[in-house]
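What's in input_1.cif: mmCIF, C-alpha atoms
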data_entry
#
loop_
_atom_site.label_atom_id
_atom_site.label_comp_id
_atom_site.auth_asym_id
_atom_site.auth_seq_id
_atom_site.Cartn_x
_atom_site.Cartn_y
_atom_site.Cartn_z
CA MET A 75 0.00 0.00 0.00
CA ALA A 76 1.15 3.46 -0.78
CA LYS A 77 2.18 5.50 2.18
CA VAL A 78 1.78 9.24 2.37
CA TYR A 79 4.44 11.46 3.87
CA GLY A 80 3.80 15.10 4.46
CA ASP A 81 5.76 18.03 5.69
CA ILE A 82 4.99 21.65 6.40
CA VAL A 83 7.04 24.82 6.46
CA ILE A 84 5.85 27.60 8.76
CA ASP A 85 6.85 31.18 8.05
CA ILE A 86 7.61 32.08 11.66
CA GLU A 87 7.70 35.81 10.97
CA LYS A 88 4.09 35.70 9.74
CA CYS A 89 2.87 33.32 12.46
CA LYS A 90 1.01 34.91 15.37
CA GLY A 91 0.73 31.77 17.47
CA CYS A 92 -3.08 31.65 17.50
CA GLU A 93 -2.99 27.83 17.79
CA LEU A 94 -5.88 27.30 15.37
CA CYS A 95 -3.64 24.96 13.34
CA VAL A 96 -2.81 23.01 16.52
CA ALA A 97 -6.55 22.45 17.06
CA ALA A 98 -7.12 21.58 13.40
CA CYS A 99 -4.27 19.04 13.06
CA PRO A 100 -5.68 15.49 13.17
CA GLN A 101 -2.20 14.04 13.90
CA ASP A 102 -1.38 16.36 16.84
CA SER A 103 1.98 17.14 15.34
CA LEU A 104 2.01 20.88 16.00
CA GLU A 105 2.83 22.74 19.17
CA GLN A 106 3.53 26.26 20.34
CA SER A 107 7.25 26.95 20.71
CA ARG A 108 8.83 28.62 23.71
CA GLU A 109 10.67 31.13 21.59
CA VAL A 110 9.29 34.34 20.16
CA ASN A 111 9.57 35.83 16.70
CA SER A 112 10.52 39.44 15.98
CA LYS A 113 7.00 40.64 16.84
CA GLY A 114 6.98 38.83 20.16
CA TYR A 115 4.55 36.06 19.28
CA LEU A 116 5.12 32.47 20.40
CA TYR A 117 5.15 30.86 16.99
CA ILE A 118 4.09 27.30 16.10
CA VAL A 119 6.50 24.47 15.37
CA LYS A 120 6.09 20.91 14.14
CA VAL A 121 7.15 18.54 16.89
CA GLN A 122 6.32 15.11 15.47
CA ASP A 123 7.19 13.48 12.19
CA ASN A 124 3.76 12.03 11.43
CA CYS A 125 2.38 14.65 9.07
CA THR A 126 0.20 13.32 6.26
CA GLY A 127 -0.05 16.55 4.29
CA CYS A 128 -3.81 16.90 4.77
CA ILE A 129 -3.53 20.76 4.53
CA ASN A 130 -6.06 21.35 7.35
CA CYS A 131 -3.55 23.56 9.19
CA ALA A 132 -2.90 25.68 6.12
CA LEU A 133 -6.62 26.13 5.44
CA VAL A 134 -7.46 27.46 8.90
CA CYS A 135 -4.30 29.61 9.20
CA PRO A 136 -5.47 33.25 9.22
CA ASP A 137 -2.04 34.55 8.28
CA GLY A 138 -1.21 32.28 5.35
CA ALA A 139 2.01 31.20 7.03
CA ILE A 140 1.94 27.48 6.18
CA THR A 141 3.11 25.72 3.02
CA VAL A 142 2.32 22.01 2.78
CA TYR A 143 4.27 19.33 0.91
CA ARG A 144 3.23 15.75 0.29
CA GLU A 145 4.92 12.69 -1.18
CA VAL A 146 3.31 9.34 -1.92
CA ALA A 147 5.91 6.60 -1.50
CA GLY A 148 5.81 2.96 -2.56
CA GLY A 149 2.61 3.09 -4.55
CA LYS A 150 2.18 0.05 -6.79
CA LYS A 151 1.59 0.85 -10.41
CA LYS A 152 -1.24 -0.85 -12.23
CA GLU A 153 -0.88 -1.31 -15.94
CA VAL A 154 -3.79 0.13 -17.84
CA ALA A 155 -2.76 0.16 -21.47
CA LYS A 156 0.14 -0.22 -23.83
CA VAL A 157 0.61 2.25 -26.62
CA LYS A 158 2.71 1.51 -29.64
CA ASN A 159 4.31 4.55 -31.02
CA VAL A 160 6.59 5.12 -33.97
CA ASN A 161 9.43 6.37 -31.80
CA LYS A 162 8.97 4.56 -28.53
CA ASP A 163 6.52 2.10 -26.98
CA MET A 164 4.75 3.43 -23.90
CA THR A 165 3.01 1.83 -20.95
CA ILE A 166 0.34 3.81 -19.15
CA THR A 167 0.00 3.12 -15.44
CA VAL A 168 -2.06 4.43 -12.56
CA ASP A 169 -1.38 4.32 -8.82
CA GLU A 170 -3.17 1.43 -7.12
CA MET B 181 19.18 -10.18 9.87
CA ASN B 182 16.31 -8.78 8.00
CA GLU B 183 17.67 -6.44 5.40
CA LYS B 184 14.40 -5.55 3.81
CA LYS B 185 13.78 -1.87 4.31
CA THR B 186 10.31 -0.68 5.09
CA LEU B 187 8.89 2.50 3.63
CA ASP B 188 9.38 4.23 6.97
CA ASP B 189 13.08 3.28 7.02
CA GLN B 190 13.54 4.73 3.56
CA HIS B 191 11.73 7.90 4.62
CA TYR B 192 13.84 8.43 7.73
CA GLU B 193 17.04 7.65 5.83
CA LYS B 194 16.12 10.44 3.48
CA ILE B 195 15.55 12.79 6.38
CA ILE B 196 18.93 11.88 7.91
CA ALA B 197 20.55 12.53 4.54
CA GLU B 198 18.78 15.91 4.64
CA GLU B 199 16.82 15.17 1.50
CA SER B 200 13.69 17.00 2.52
CA ILE B 201 10.47 16.49 0.58
CA CYS B 202 9.96 20.25 0.77
CA THR B 203 10.62 20.85 -2.90
CA GLN B 204 8.49 22.53 -5.51
CA ASP B 205 7.46 19.12 -6.97
CA HIS B 206 5.73 18.08 -3.76
CA VAL B 207 3.77 21.25 -2.99
CA VAL B 208 0.11 20.53 -2.28
CA TYR B 209 -0.76 23.87 -0.78
CA GLU B 210 0.97 27.21 -0.69
CA PRO B 211 -0.36 30.62 0.25
CA PRO B 212 -1.22 32.90 -2.68
CA LYS B 213 1.82 34.70 -4.04
CA SER B 214 0.71 37.12 -6.75
CA ALA B 215 -2.68 38.36 -5.52
CA MET B 216 -1.43 38.96 -2.00
CA TYR B 217 1.49 40.95 -0.61
CA GLU B 218 4.04 39.39 1.71
CA THR B 219 3.18 41.94 4.43
CA PRO B 220 2.13 40.36 7.74
CA MET B 221 -1.48 41.30 8.48
CA HIS B 222 -2.40 43.63 11.35
CA TYR B 223 -5.35 41.49 12.49
CA CYS B 224 -5.38 39.98 15.97
CA PRO B 225 -4.15 36.38 16.25
CA GLY B 226 -6.89 33.97 15.15
CA CYS B 227 -9.08 36.54 13.37
CA GLY B 228 -11.25 35.20 10.55
CA HIS B 229 -10.48 38.17 8.28
CA GLY B 230 -7.11 36.69 7.34
CA VAL B 231 -8.67 33.47 6.08
CA VAL B 232 -11.21 35.32 3.92
CA HIS B 233 -8.50 37.61 2.47
CA ARG B 234 -6.41 34.57 1.62
CA LEU B 235 -9.34 32.75 0.01
CA LEU B 236 -10.17 35.80 -2.12
CA ALA B 237 -6.56 35.98 -3.28
CA GLU B 238 -6.52 32.24 -4.02
CA VAL B 239 -9.73 32.43 -6.06
CA ILE B 240 -8.49 35.49 -7.98
CA GLU B 241 -5.22 33.71 -8.79
CA GLU B 242 -6.85 30.45 -9.80
CA MET B 243 -9.48 32.10 -12.00
CA GLY B 244 -6.81 34.33 -13.56
CA ILE B 245 -8.85 37.48 -13.04
CA ILE B 246 -6.23 39.53 -11.21
CA GLN B 247 -6.42 42.24 -13.93
CA ASP B 248 -10.21 42.33 -13.91
CA VAL B 249 -11.09 42.51 -10.22
CA ILE B 250 -11.83 45.71 -8.33
CA GLY B 251 -12.48 45.53 -4.60
CA VAL B 252 -14.02 48.05 -2.25
CA ALA B 253 -12.70 48.13 1.31
CA PRO B 254 -14.99 49.18 4.16
CA VAL B 255 -14.47 51.02 7.41
CA GLY B 256 -13.81 48.62 10.23
CA CYS B 257 -11.06 46.15 11.03
CA SER B 258 -10.63 45.34 7.34
CA VAL B 259 -10.16 49.01 6.39
CA LEU B 260 -6.59 48.24 5.34
CA ALA B 261 -7.53 45.30 3.09
CA TYR B 262 -5.80 47.04 0.17
CA ASN B 263 -2.47 46.72 2.01
CA TYR B 264 -2.73 42.94 1.71
CA LEU B 265 -4.59 42.23 -1.53
CA ASN B 266 -2.52 43.02 -4.61
CA ILE B 267 -5.50 44.08 -6.76
CA ASP B 268 -7.19 47.36 -7.64
CA MET B 269 -9.07 48.54 -4.59
CA SER B 270 -10.97 51.59 -3.46
CA GLU B 271 -11.92 52.82 -0.02
CA ALA B 272 -15.50 53.78 0.84
CA ALA B 273 -17.06 55.91 3.55
CA HIS B 274 -18.51 54.02 6.51
CA GLY B 275 -21.28 51.70 5.30
CA ARG B 276 -21.18 52.94 1.71
CA ALA B 277 -18.99 50.21 0.21
CA SER B 278 -21.84 48.64 -1.76
CA ALA B 279 -22.85 52.08 -3.11
CA VAL B 280 -19.26 52.77 -4.22
CA ALA B 281 -19.10 49.29 -5.75
CA THR B 282 -22.30 50.08 -7.67
CA GLY B 283 -20.68 53.19 -9.13
CA ILE B 284 -17.52 51.32 -10.13
CA LYS B 285 -19.54 48.52 -11.74
CA ARG B 286 -21.68 50.94 -13.74
CA VAL B 287 -18.66 52.82 -15.08
CA LEU B 288 -16.65 49.67 -15.77
CA PRO B 289 -19.27 46.97 -16.46
CA GLU B 290 -16.69 44.45 -17.72
CA LYS B 291 -14.77 44.40 -14.44
CA LEU B 292 -15.61 42.07 -11.56
CA VAL B 293 -16.43 44.14 -8.49
CA PHE B 294 -16.74 43.03 -4.90
CA SER B 295 -17.26 44.86 -1.64
CA TYR B 296 -15.86 43.51 1.59
CA GLN B 297 -17.75 44.66 4.67
CA GLY B 298 -18.05 43.93 8.36
CA ASP B 299 -21.24 43.79 10.37
CA GLY B 300 -21.01 47.26 11.91
CA ASP B 301 -20.44 48.62 8.42
CA LEU B 302 -22.99 46.65 6.41
CA ALA B 303 -25.74 45.98 8.95
CA ALA B 304 -25.72 49.19 11.01
CA ILE B 305 -24.68 52.32 9.18
CA GLY B 306 -24.94 50.86 5.69
CA THR B 307 -28.30 49.10 5.96
CA ALA B 308 -29.98 51.42 3.44
CA GLU B 309 -27.15 51.18 0.89
CA THR B 310 -26.99 47.40 1.21
CA LEU B 311 -30.73 46.84 0.90
CA HIS B 312 -31.08 49.16 -2.08
CA THR B 313 -28.04 47.71 -3.84
CA CYS B 314 -29.52 44.23 -3.44
CA ASN B 315 -32.97 45.47 -4.45
CA ARG B 316 -31.62 47.00 -7.66
CA GLY B 317 -29.80 43.75 -8.36
CA GLU B 318 -26.43 45.30 -9.12
CA ASN B 319 -23.95 42.80 -10.57
CA ILE B 320 -21.58 42.84 -7.63
CA LEU B 321 -20.45 40.45 -4.94
CA ILE B 322 -20.95 41.55 -1.34
CA ILE B 323 -18.86 39.73 1.26
CA PHE B 324 -20.25 40.27 4.73
CA ILE B 325 -18.09 39.32 7.72
CA ASN B 326 -20.33 38.82 10.75
CA ASN B 327 -18.70 38.51 14.15
CA GLY B 328 -21.53 40.06 16.15
CA ILE B 329 -19.52 42.99 17.50
CA TYR B 330 -17.80 46.23 16.52
CA GLY B 331 -14.23 44.94 16.48
CA MET B 332 -12.18 47.98 15.50
CA THR B 333 -13.66 50.48 17.95
CA GLY B 334 -13.41 48.25 21.00
CA GLY B 335 -16.23 45.73 21.17
CA GLN B 336 -19.44 47.78 21.18
CA MET B 337 -22.81 46.17 20.50
CA ALA B 338 -23.61 45.71 16.81
CA PRO B 339 -27.03 44.99 15.25
CA THR B 340 -25.89 41.38 14.84
CA THR B 341 -24.92 40.91 18.52
CA LEU B 342 -26.71 37.87 19.90
CA ALA B 343 -29.39 38.15 22.60
CA ASN B 344 -27.81 38.18 26.09
CA MET B 345 -24.32 38.55 24.60
CA LYS B 346 -22.08 40.90 26.54
CA SER B 347 -20.31 43.80 24.89
CA THR B 348 -18.86 47.06 26.19
CA THR B 349 -22.13 48.92 25.53
CA SER B 350 -24.33 46.06 26.79
CA PRO B 351 -22.35 44.93 29.86
CA PHE B 352 -25.29 42.94 31.27
CA GLY B 353 -26.00 41.21 27.98
CA ARG B 354 -28.13 42.40 25.08
CA ASP B 355 -31.65 42.95 26.39
CA VAL B 356 -34.00 42.12 23.54
CA ALA B 357 -36.87 44.17 25.06
CA THR B 358 -34.97 47.46 24.87
CA MET B 359 -32.20 46.85 22.32
CA GLY B 360 -34.04 44.75 19.77
CA SER B 361 -33.29 41.33 18.37
CA PRO B 362 -30.18 40.52 16.34
CA LEU B 363 -30.58 41.44 12.70
CA LYS B 364 -30.35 38.61 10.18
CA MET B 365 -29.14 40.63 7.20
CA THR B 366 -28.62 37.62 4.99
CA ASP B 367 -32.19 36.37 5.40
CA LEU B 368 -33.40 39.91 4.82
CA VAL B 369 -31.63 40.41 1.49
CA ALA B 370 -32.69 36.94 0.34
CA GLN B 371 -36.27 38.28 0.20
CA LEU B 372 -35.32 40.93 -2.35
CA PRO B 373 -35.85 40.19 -6.05
CA GLY B 374 -32.45 41.56 -7.11
CA THR B 375 -30.30 39.00 -5.31
CA TYR B 376 -29.32 35.88 -7.19
CA TYR B 377 -27.17 33.84 -4.82
CA VAL B 378 -27.35 34.33 -1.04
CA THR B 379 -25.41 32.06 1.25
CA ARG B 380 -23.92 31.85 4.73
CA HIS B 381 -20.58 30.26 5.58
CA SER B 382 -18.00 30.21 8.33
CA VAL B 383 -14.23 29.80 8.52
CA HIS B 384 -13.82 28.04 11.85
CA LYS B 385 -13.00 24.60 10.40
CA ALA B 386 -11.06 23.38 7.39
CA GLY B 387 -14.18 21.92 5.75
CA ASN B 388 -16.06 25.21 6.05
CA VAL B 389 -13.10 27.06 4.52
CA ARG B 390 -13.26 24.78 1.47
CA LYS B 391 -17.01 25.42 1.11
CA LEU B 392 -16.54 29.18 1.33
CA LYS B 393 -13.93 29.05 -1.41
CA LYS B 394 -16.37 27.25 -3.70
CA ALA B 395 -19.04 29.86 -2.94
CA ILE B 396 -16.67 32.71 -3.89
CA VAL B 397 -15.79 30.97 -7.17
CA LYS B 398 -19.51 30.50 -7.93
CA SER B 399 -20.29 34.15 -7.17
CA PHE B 400 -17.62 35.44 -9.53
CA GLU B 401 -18.93 33.12 -12.24
CA TYR B 402 -22.49 34.39 -11.76
CA GLN B 403 -21.16 37.93 -11.93
CA LYS B 404 -19.49 37.17 -15.25
CA GLU B 405 -22.89 35.96 -16.52
CA LYS B 406 -24.52 39.20 -15.21
CA LYS B 407 -27.06 37.37 -13.05
CA GLY B 408 -27.52 39.78 -10.13
CA THR B 409 -26.21 40.50 -6.68
CA CYS B 410 -24.37 37.72 -4.89
CA PHE B 411 -24.26 37.97 -1.11
CA ILE B 412 -21.95 35.84 1.04
CA GLU B 413 -22.12 36.09 4.81
CA VAL B 414 -19.15 34.70 6.73
CA VAL B 415 -19.82 34.00 10.40
CA SER B 416 -16.49 34.82 12.00
CA ASN B 417 -14.92 35.24 15.40
CA CYS B 418 -13.46 38.17 17.33
CA PRO B 419 -11.16 36.67 19.99
CA SER B 420 -9.99 40.05 21.33
CA ASN B 421 -13.40 41.56 21.95
CA TRP B 422 -15.11 38.34 22.97
CA LYS B 423 -12.22 38.10 25.46
CA MET B 424 -11.31 34.51 24.61
CA THR B 425 -8.42 32.64 23.07
CA PRO B 426 -8.80 31.94 19.33
CA VAL B 427 -9.55 28.25 19.93
CA GLU B 428 -12.13 29.07 22.62
CA SER B 429 -13.72 31.69 20.41
CA ASN B 430 -14.17 29.18 17.61
CA LYS B 431 -15.81 26.79 20.05
CA TRP B 432 -18.07 29.58 21.31
CA LEU B 433 -18.94 30.46 17.72
CA GLU B 434 -19.96 26.90 17.01
CA GLU B 435 -22.09 26.63 20.16
CA ASN B 436 -23.76 30.05 20.17
CA MET B 437 -23.49 31.83 16.82
CA LEU B 438 -24.25 28.91 14.50
CA PRO B 439 -27.64 27.93 16.05
CA PHE B 440 -28.84 31.50 15.40
CA TYR B 441 -27.02 31.95 12.09
CA PRO B 442 -27.31 28.47 10.51
CA LEU B 443 -24.88 27.77 7.68
CA GLY B 444 -25.90 26.94 4.16
CA ASP B 445 -27.41 28.42 1.02
CA ILE B 446 -30.41 30.67 1.67
CA LYS B 447 -31.19 31.53 -1.92
CA THR B 448 -29.84 29.51 -4.81
CA PRO B 449 -30.47 30.08 -8.50
CA ASN B 450 -32.70 26.99 -8.86
CA GLN B 451 -35.09 28.19 -6.17
CA LYS B 452 -35.51 31.47 -7.96
CA GLU B 453 -36.40 29.88 -11.28
CA ASN B 454 -39.09 27.66 -9.74
#

Write-out of the structure in structure tokens:
Amino acid sequence: MAKVYGDIVIDIEKCKGCELCVAACPQDSLEQSREVNSKGYLYIVKVQDNCTGCINCALVCPDGAITVYREVAGGKKKEVAKVKNVNKDMTITVDE
Amino acid sequence: MNEKKTLDDQHYEKIIAEESICTQDHVVYEPPKSAMYETPMHYCPGCGHGVVHRLLAEVIEEMGIIQDVIGVAPVGCSVLAYNYLNIDMSEAAHGRASAVATGIKRVLPEKLVFSYQGDGDLAAIGTAETLHTCNRGENILIIFINNGIYGMTGGQMAPTTLANMKSTTSPFGRDVATMGSPLKMTDLVAQLPGTYYVTRHSVHKAGNVRKLKKAIVKSFEYQKEKKGTCFIEVVSNCPSNWKMTPVESNKWLEENMLPFYPLGDIKTPNQKEN
């Protein structure tokens, strides 16, 4: 089965530490840091490596500080069709 | 010894080798770049205005209408909306944003015009302008942010303040007998023949944010087809003046605001045709 890995990058200068993303994260991987940014807000950091890239945190973020990345690893490919071309034969696959 | 590596092993090996997945190929979501400036917003932590600004910018970018959109900023917390949205914007006098938007739309009928107003602006001082704009059926989009309080001036009672809700001018709670009932603007404008699409949304959960984005896309499409006024109410929070943390305020919103202001479409195009 394909496994999904996600990661987020938080722009700590934009973050105001409102903790809405902490409440929205289904994996509980976010937490408020103990350090402040240049405006004096306790910004949010990712503390666990279990992110699935569901983008809930980015959607509820009022300051647009979160960018989300996702990678699907180990997905089996299912062959759908073979195409014969003049230059090169191709196989079309989809993720199972 | 089992040498077969699991997917997790491979993933952590990559992390140790500092091969992050944070590359441009793996982006699933990033904040809007072209329709929004990089400036940090002045709103209080957890304020719903930021989400709505971001959604507007996202929709404008995705529809490719950045050259064709003109916004009208209100008086209120979102008075500085033009500092964040990288589009043509105008400022209106208190409550008159929909009247200014009408003027802009009539002079430039090919442009897509929206007004962005709060509840003190739209429902109190601008009631006449709003109702008449909707009654005339101007081809504009009105975005109405309802947090039940005057946010900018320090938490005074607004027409949309809930019954028994405390504010600085109703310290014992809003007394319905003397101060009247909360005004449901959205239900009011849905009665008018000029409105085409009237809906109420919120931004307190990720699912609601997705729905609101779809509603904004729909409204701009209706405006392109010259259908009539589109009116979107966004039930939002005001953590500072409700005197709560952002997470508490969202919970309070869900428990108290949403029963009185239920979410969903109030007037959809199909209903009108029937």

Worksheet item: Counting all atoms listed in the file, which residues of chain B come no farther than 8 Å from chain A, as a list in words?
Response: Leu187, Ile201, Cys202, Thr203, His206, Val207, Val208, Tyr209, Glu210, Pro211, Pro220, Met221, Pro225, Gly226, Cys227, Gly228, His229, Gly230, Val231, Arg234, Val383, His384, Lys385, Ala386, Val389, Arg390, Thr425, Pro426 and Val427 of chain B

Fill in: Length of the CA of Gln371 in chain B to CA of Cys314 in chain B vector [Å]
9.7 Å

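Put simply, CA of Gly335 in chain B is 15.5 Å away from CA of Ala303 in chain B.
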
Practice prompt. Name the residues within 7 Å of (-33.9, 46.2, -11.6), counting only C-alpha atoms in the file's coordinates, and put them as a list in words.
Written response: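 Final list of nearby residues, as requested, is Arg316, Gly317 and Gly374 of chain B.
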
Worksheet item: Could you work out how far CA of Thr126 in chain A lies from CA of Ser103 in chain A, giving the answer in Å with one decimal?
Response: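 A separation of 10.0 Å between them.
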